[in-house]
Amino acid sequence: MFFERPDSGEIAVLVHIDFHDQSESYGPEEFVELAISAGADPVAVVSGTRQRPDARYFIGTGKLAEIKDIVDREEAQVVLFDHALSPSQERNLESVLQCRVLDRTGLILDIFAQRARTHEGKLQVELAQLQHMSTRLIRGWTHLERQKGGIGMRGPGETQLETDRRLLRERIKAIQKRLAKVGSQRDQNRRSRDRSSVPTVSLVGYTNAGKSTLFNRATGAEVYAADQLFATLDPTLRRLDIEQIGSIVLVDTVGFIRQLPHRLIKAFQATLKESSEADLLLHVVDAADISRDENMKHVDSVLEEIGANEVPALTIFNKIDALPTAEPRIDRDANGNPFRVWLSARDGQGIDLLKQAIAELLAEDVFNETLYLSSKYGRLRAMLFEHGAVKAERFDEVGRFVLDVKLPKKDYLQILARAGMSEDQIEAA
């Protein structure tokens, strides 16, 4: 597959190999989008099939010669592999092709580095890059390996390679400390939201499914949104008013992708925690994408890896404006509960249905009642105030405390347990 030669930009040759022992097979289209998102100008896509990767070059010598011809003819500056390469494979390929070689992980890291805007996002990307780089250090200054002898000067000393590794380890530790501090601040903010009984709803989904466009449409925010992979990287939080529920916090998170590097998932653990500790997940899906079912499976696997697979989820089939017969609607399960909403974030169709579905699902998890407590329940009353769950208080004609209470149902049950009481006792009171 060849492209017209670009007028500007970094000229790239892309390599996509199908292996017979893979559990799934997919084309190079997404990888082409990734390369373009990174700022590369692909001039050719080299495809092929193999039984298994070659230990030295990942590909066979025949395919390597084909790539070399294209690199020389097109004067390519980089060769991008849609696979994970070992450090030795990268070095061997670079020595033959005489240009830079980057694997899928390195390409995604480069995109993340371009898109990170916040301090936390930049730290997370740098951490993932350094961890990736630490396995790819090569001996750059071999003349330092053997120092001349002499009294007090015997032994090889510290080689440049060892120095680089030590500096990398120190930098990684420094970033991890700073990220831990940022993570503790996030936890504190999260606890503050819990105390104020504000439910959190997190947007998740495959990259370019329209999460940021939906976020902007629902909240009136101005998060950057574009038709490209990983258009937004840093998480954004906004309040959204939902009828019958009140205010919720809507969180826009980084998109997922097939073969998302494990280092990135680990580096973005603090950010992804917003999803794992949310009250509800909105799984945004590009309804017009022919690979939507496969993409949903990849998102589910990442959610399981970050511990968010147990969080209640509502599937959002977005981009129905690209489907000729689709209409905005709510699909319900056998119990009548919403499990899927069809909408278009771009033109606003179905946004009211989304808010309705969120209200129905969160209402099941929110305790929003009026309690009548006598003076002997003073401890329970104090605990409810401490939690920020009391919205109004008054007295009835017999002198009881009348509390309008609103908080997550699980928090209400925990407070009752700490007070040594049950729901039956409160109803009887």
# chains A, B, ... in the order shown; residues from 1 in each chain; ligands from 1
>>> residues_around(residues="Ala392 (chain A)", least_positions_apart="6", cutoff="8 Å", atoms="only C-alpha atoms", output="number ranges by chain")
A: 403-405
>>> write_last_selection(atoms="C-alpha atoms", output="mmCIF file, in the first residue's frame")
data_model
loop_
_atom_site.group_PDB
_atom_site.id
_atom_site.type_symbol
_atom_site.label_atom_id
_atom_site.label_comp_id
_atom_site.auth_asym_id
_atom_site.auth_seq_id
_atom_site.Cartn_x
_atom_site.Cartn_y
_atom_site.Cartn_z
ATOM 1 C CA LEU A 403 -33.818 15.822 58.506
ATOM 2 C CA ASP A 404 -33.874 16.024 54.721
ATOM 3 C CA VAL A 405 -31.021 13.637 53.919
#
>>> select_by_dssp(residues="region 72-137 of chain A", states="strand (DSSP E)", output="MDAnalysis selection string")
chainID A and resid 78:81 100:102
>>> write_last_selection(atoms="N, CA and C atoms", output="PDB file, in the first residue's frame")
ATOM      1  N   VAL A  78      11.843   7.528   9.212  1.00  0.00           N
ATOM      2  CA  VAL A  78      11.490   6.640  10.317  1.00  0.00           C
ATOM      3  C   VAL A  78      10.664   5.479   9.782  1.00  0.00           C
ATOM      4  N   VAL A  79      10.860   4.312  10.374  1.00  0.00           N
ATOM      5  CA  VAL A  79      10.049   3.131  10.074  1.00  0.00           C
ATOM      6  C   VAL A  79       9.271   2.785  11.334  1.00  0.00           C
ATOM      7  N   LEU A  80       7.948   2.698  11.207  1.00  0.00           N
ATOM      8  CA  LEU A  80       7.069   2.455  12.351  1.00  0.00           C
ATOM      9  C   LEU A  80       6.498   1.051  12.266  1.00  0.00           C
ATOM     10  N   PHE A  81       6.636   0.287  13.347  1.00  0.00           N
ATOM     11  CA  PHE A  81       6.113  -1.078  13.413  1.00  0.00           C
ATOM     12  C   PHE A  81       4.850  -1.101  14.266  1.00  0.00           C
ATOM     13  N   ARG A 100      15.679   5.785  11.849  1.00  0.00           N
ATOM     14  CA  ARG A 100      15.076   5.466  13.142  1.00  0.00           C
ATOM     15  C   ARG A 100      13.977   4.427  12.974  1.00  0.00           C
ATOM     16  N   VAL A 101      13.872   3.543  13.974  1.00  0.00           N
ATOM     17  CA  VAL A 101      12.826   2.520  14.013  1.00  0.00           C
ATOM     18  C   VAL A 101      12.067   2.680  15.326  1.00  0.00           C
ATOM     19  N   LEU A 102      10.748   2.707  15.234  1.00  0.00           N
ATOM     20  CA  LEU A 102       9.907   2.911  16.416  1.00  0.00           C
ATOM     21  C   LEU A 102       8.807   1.869  16.412  1.00  0.00           C
TER      22      LEU A 102
END
>>> atom_distance(atom1="CA of Pro312 (chain A)", atom2="CA of Leu280 (chain A)")
5.2 Å
>>> residues_around(residues="region 284-292 of chain A", least_positions_apart="4", cutoff="7 Å", atoms="only C-alpha atoms", output="NGL selection string")
:A and (203-206 or 209 or 211 or 296 or 315-320 or 322-323)
>>> closest_residue(among="A:Ala35, A:Ala116, A:Val201, A:Val71", to="Glu94 (chain A)", atoms="only C-alpha atoms")
A:Val71
>>> atom_distance(atom1="CA of Lys406 (chain A)", atom2="CA of Gly388 (chain A)")
8.8 Å
>>> residues_around(residues="Asp82 (chain A)", least_positions_apart="4", cutoff="7 Å", atoms="only C-alpha atoms", output="ChimeraX atom specification")
/A:15-16,31,103-104
>>> write_last_selection(atoms="N, CA and C atoms", output="compact mmCIF listing (two decimals), in the first residue's frame")
# COMPACT_ATOMS: atom_id res chain seq x y z
N VAL A 15 4.87 -0.66 9.01
CA VAL A 15 4.97 -2.11 8.86
C VAL A 15 3.89 -2.76 9.72
N HIS A 16 3.10 -3.61 9.08
CA HIS A 16 2.03 -4.33 9.78
C HIS A 16 2.08 -5.80 9.37
N PHE A 31 -3.47 1.87 12.66
CA PHE A 31 -2.07 2.24 12.83
C PHE A 31 -1.70 3.42 11.93
N ASP A 103 8.53 1.28 17.58
CA ASP A 103 7.45 0.30 17.65
C ASP A 103 6.15 0.99 18.08
N ARG A 104 5.10 0.20 18.20
CA ARG A 104 3.77 0.75 18.52
C ARG A 104 3.78 1.49 19.86
>>> closest_atom_pairs(of="region 66-142 of chain A", to="region 48-62 of chain A", cutoff="8 Å", atoms="only C-alpha atoms", output="JSON lines")
{"residue": "A:Glu66", "atom": "CA", "partner": "A:Gly62", "partner_atom": "CA", "distance": 6.4}
{"residue": "A:Leu85", "atom": "CA", "partner": "A:Phe58", "partner_atom": "CA", "distance": 7.3}
{"residue": "A:Ser88", "atom": "CA", "partner": "A:Arg56", "partner_atom": "CA", "distance": 7.3}
{"residue": "A:Gln89", "atom": "CA", "partner": "A:Tyr57", "partner_atom": "CA", "distance": 5.2}
{"residue": "A:Glu90", "atom": "CA", "partner": "A:Tyr57", "partner_atom": "CA", "distance": 7.7}
{"residue": "A:Asn92", "atom": "CA", "partner": "A:Tyr57", "partner_atom": "CA", "distance": 6.3}
{"residue": "A:Leu93", "atom": "CA", "partner": "A:Tyr57", "partner_atom": "CA", "distance": 6.0}
>>> write_last_selection(atoms="N, CA and C atoms", output="PDB file, in the first residue's frame")
ATOM      1  N   GLU A  66      12.727  -5.540   1.301  1.00  0.00           N
ATOM      2  CA  GLU A  66      11.650  -4.757   0.675  1.00  0.00           C
ATOM      3  C   GLU A  66      11.503  -3.401   1.367  1.00  0.00           C
ATOM      4  N   LEU A  85       8.446  -4.226  19.705  1.00  0.00           N
ATOM      5  CA  LEU A  85       9.772  -4.737  19.349  1.00  0.00           C
ATOM      6  C   LEU A  85      10.644  -4.805  20.594  1.00  0.00           C
ATOM      7  N   SER A  88      16.794  -5.187  21.220  1.00  0.00           N
ATOM      8  CA  SER A  88      17.788  -5.695  20.256  1.00  0.00           C
ATOM      9  C   SER A  88      17.219  -5.687  18.844  1.00  0.00           C
ATOM     10  N   GLN A  89      15.931  -5.982  18.684  1.00  0.00           N
ATOM     11  CA  GLN A  89      15.323  -5.951  17.356  1.00  0.00           C
ATOM     12  C   GLN A  89      15.339  -4.532  16.788  1.00  0.00           C
ATOM     13  N   GLU A  90      15.041  -3.536  17.641  1.00  0.00           N
ATOM     14  CA  GLU A  90      15.092  -2.144  17.193  1.00  0.00           C
ATOM     15  C   GLU A  90      16.490  -1.782  16.712  1.00  0.00           C
ATOM     16  N   ASN A  92      18.930  -3.793  15.702  1.00  0.00           N
ATOM     17  CA  ASN A  92      19.297  -4.535  14.491  1.00  0.00           C
ATOM     18  C   ASN A  92      18.622  -3.943  13.256  1.00  0.00           C
ATOM     19  N   LEU A  93      17.370  -3.568  13.390  1.00  0.00           N
ATOM     20  CA  LEU A  93      16.644  -2.981  12.268  1.00  0.00           C
ATOM     21  C   LEU A  93      17.243  -1.629  11.874  1.00  0.00           C
TER      22      LEU A  93
END
>>> decode(residues="region 409-422 of chain A", atoms="all heavy atoms", output="short mmCIF file (atom, residue, chain, number, x, y, z; two decimals), in the first residue's frame")
data_model
loop_
_atom_site.label_atom_id
_atom_site.label_comp_id
_atom_site.auth_asym_id
_atom_site.auth_seq_id
_atom_site.Cartn_x
_atom_site.Cartn_y
_atom_site.Cartn_z
N LYS A 409 -26.39 5.63 48.75
CA LYS A 409 -27.01 4.60 49.60
C LYS A 409 -25.96 3.80 50.36
O LYS A 409 -26.14 3.48 51.53
CB LYS A 409 -27.84 3.66 48.70
CG LYS A 409 -28.64 2.62 49.48
CD LYS A 409 -29.75 3.25 50.29
CE LYS A 409 -30.59 2.21 51.03
NZ LYS A 409 -31.46 1.44 50.13
N LYS A 410 -24.84 3.51 49.71
CA LYS A 410 -23.81 2.72 50.39
C LYS A 410 -23.23 3.48 51.58
O LYS A 410 -22.94 2.87 52.63
CB LYS A 410 -22.69 2.32 49.41
CG LYS A 410 -21.88 3.46 48.83
CD LYS A 410 -20.82 2.94 47.89
CE LYS A 410 -19.88 4.03 47.40
NZ LYS A 410 -20.57 5.07 46.62
N ASP A 411 -23.09 4.81 51.45
CA ASP A 411 -22.58 5.61 52.57
C ASP A 411 -23.59 5.67 53.71
O ASP A 411 -23.22 5.64 54.89
CB ASP A 411 -22.26 7.03 52.10
CG ASP A 411 -21.08 7.08 51.15
OD1 ASP A 411 -20.36 6.05 51.06
OD2 ASP A 411 -20.87 8.11 50.50
N TYR A 412 -24.87 5.74 53.36
CA TYR A 412 -25.92 5.76 54.38
C TYR A 412 -25.90 4.46 55.19
O TYR A 412 -25.99 4.47 56.43
CB TYR A 412 -27.27 5.97 53.72
CG TYR A 412 -28.45 5.87 54.66
CD1 TYR A 412 -28.63 6.78 55.71
CD2 TYR A 412 -29.39 4.85 54.52
CE1 TYR A 412 -29.71 6.69 56.58
CE2 TYR A 412 -30.47 4.75 55.38
CZ TYR A 412 -30.62 5.67 56.40
OH TYR A 412 -31.70 5.57 57.26
N LEU A 413 -25.77 3.34 54.50
CA LEU A 413 -25.74 2.04 55.20
C LEU A 413 -24.49 1.92 56.08
O LEU A 413 -24.54 1.35 57.17
CB LEU A 413 -25.78 0.90 54.18
CG LEU A 413 -27.07 0.81 53.34
CD1 LEU A 413 -26.96 -0.30 52.30
CD2 LEU A 413 -28.29 0.57 54.25
N GLN A 414 -23.35 2.48 55.60
CA GLN A 414 -22.13 2.45 56.41
C GLN A 414 -22.29 3.29 57.68
O GLN A 414 -21.83 2.90 58.76
CB GLN A 414 -20.95 2.95 55.59
CG GLN A 414 -20.50 2.00 54.50
CD GLN A 414 -19.41 2.58 53.62
OE1 GLN A 414 -19.01 3.74 53.79
NE2 GLN A 414 -18.92 1.79 52.66
N ILE A 415 -22.93 4.45 57.55
CA ILE A 415 -23.16 5.31 58.72
C ILE A 415 -24.07 4.60 59.72
O ILE A 415 -23.82 4.64 60.93
CB ILE A 415 -23.76 6.66 58.27
CG1 ILE A 415 -22.70 7.48 57.53
CG2 ILE A 415 -24.29 7.45 59.47
CD1 ILE A 415 -23.23 8.76 56.92
N LEU A 416 -25.11 3.96 59.23
CA LEU A 416 -26.00 3.21 60.13
C LEU A 416 -25.22 2.12 60.86
O LEU A 416 -25.40 1.91 62.07
CB LEU A 416 -27.15 2.58 59.34
CG LEU A 416 -28.26 3.51 58.83
CD1 LEU A 416 -29.34 2.68 58.12
CD2 LEU A 416 -28.89 4.29 59.99
N ALA A 417 -24.35 1.43 60.13
CA ALA A 417 -23.57 0.35 60.75
C ALA A 417 -22.64 0.91 61.82
O ALA A 417 -22.51 0.32 62.91
CB ALA A 417 -22.77 -0.40 59.67
N ARG A 418 -22.00 2.05 61.54
CA ARG A 418 -21.11 2.66 62.54
C ARG A 418 -21.88 3.13 63.76
O ARG A 418 -21.36 3.16 64.89
CB ARG A 418 -20.36 3.83 61.90
CG ARG A 418 -19.20 3.40 61.00
CD ARG A 418 -18.73 4.53 60.10
NE ARG A 418 -18.53 5.78 60.83
CZ ARG A 418 -18.54 6.97 60.27
NH1 ARG A 418 -18.78 7.08 58.97
NH2 ARG A 418 -18.33 8.05 60.99
N ALA A 419 -23.13 3.52 63.54
CA ALA A 419 -23.97 3.96 64.66
C ALA A 419 -24.62 2.79 65.38
O ALA A 419 -25.33 2.99 66.38
CB ALA A 419 -25.04 4.92 64.15
N GLY A 420 -24.39 1.57 64.88
CA GLY A 420 -24.96 0.38 65.53
C GLY A 420 -26.45 0.27 65.32
O GLY A 420 -27.18 -0.23 66.19
N MET A 421 -26.95 0.70 64.16
CA MET A 421 -28.38 0.69 63.90
C MET A 421 -28.67 0.00 62.58
O MET A 421 -27.77 -0.28 61.79
CB MET A 421 -28.92 2.14 63.86
CG MET A 421 -28.64 2.94 65.11
SD MET A 421 -29.27 4.60 65.00
CE MET A 421 -31.03 4.27 64.89
N SER A 422 -29.95 -0.25 62.34
CA SER A 422 -30.38 -0.85 61.08
C SER A 422 -31.46 0.01 60.45
O SER A 422 -32.02 0.91 61.11
CB SER A 422 -30.95 -2.27 61.32
OG SER A 422 -32.14 -2.18 62.11
#
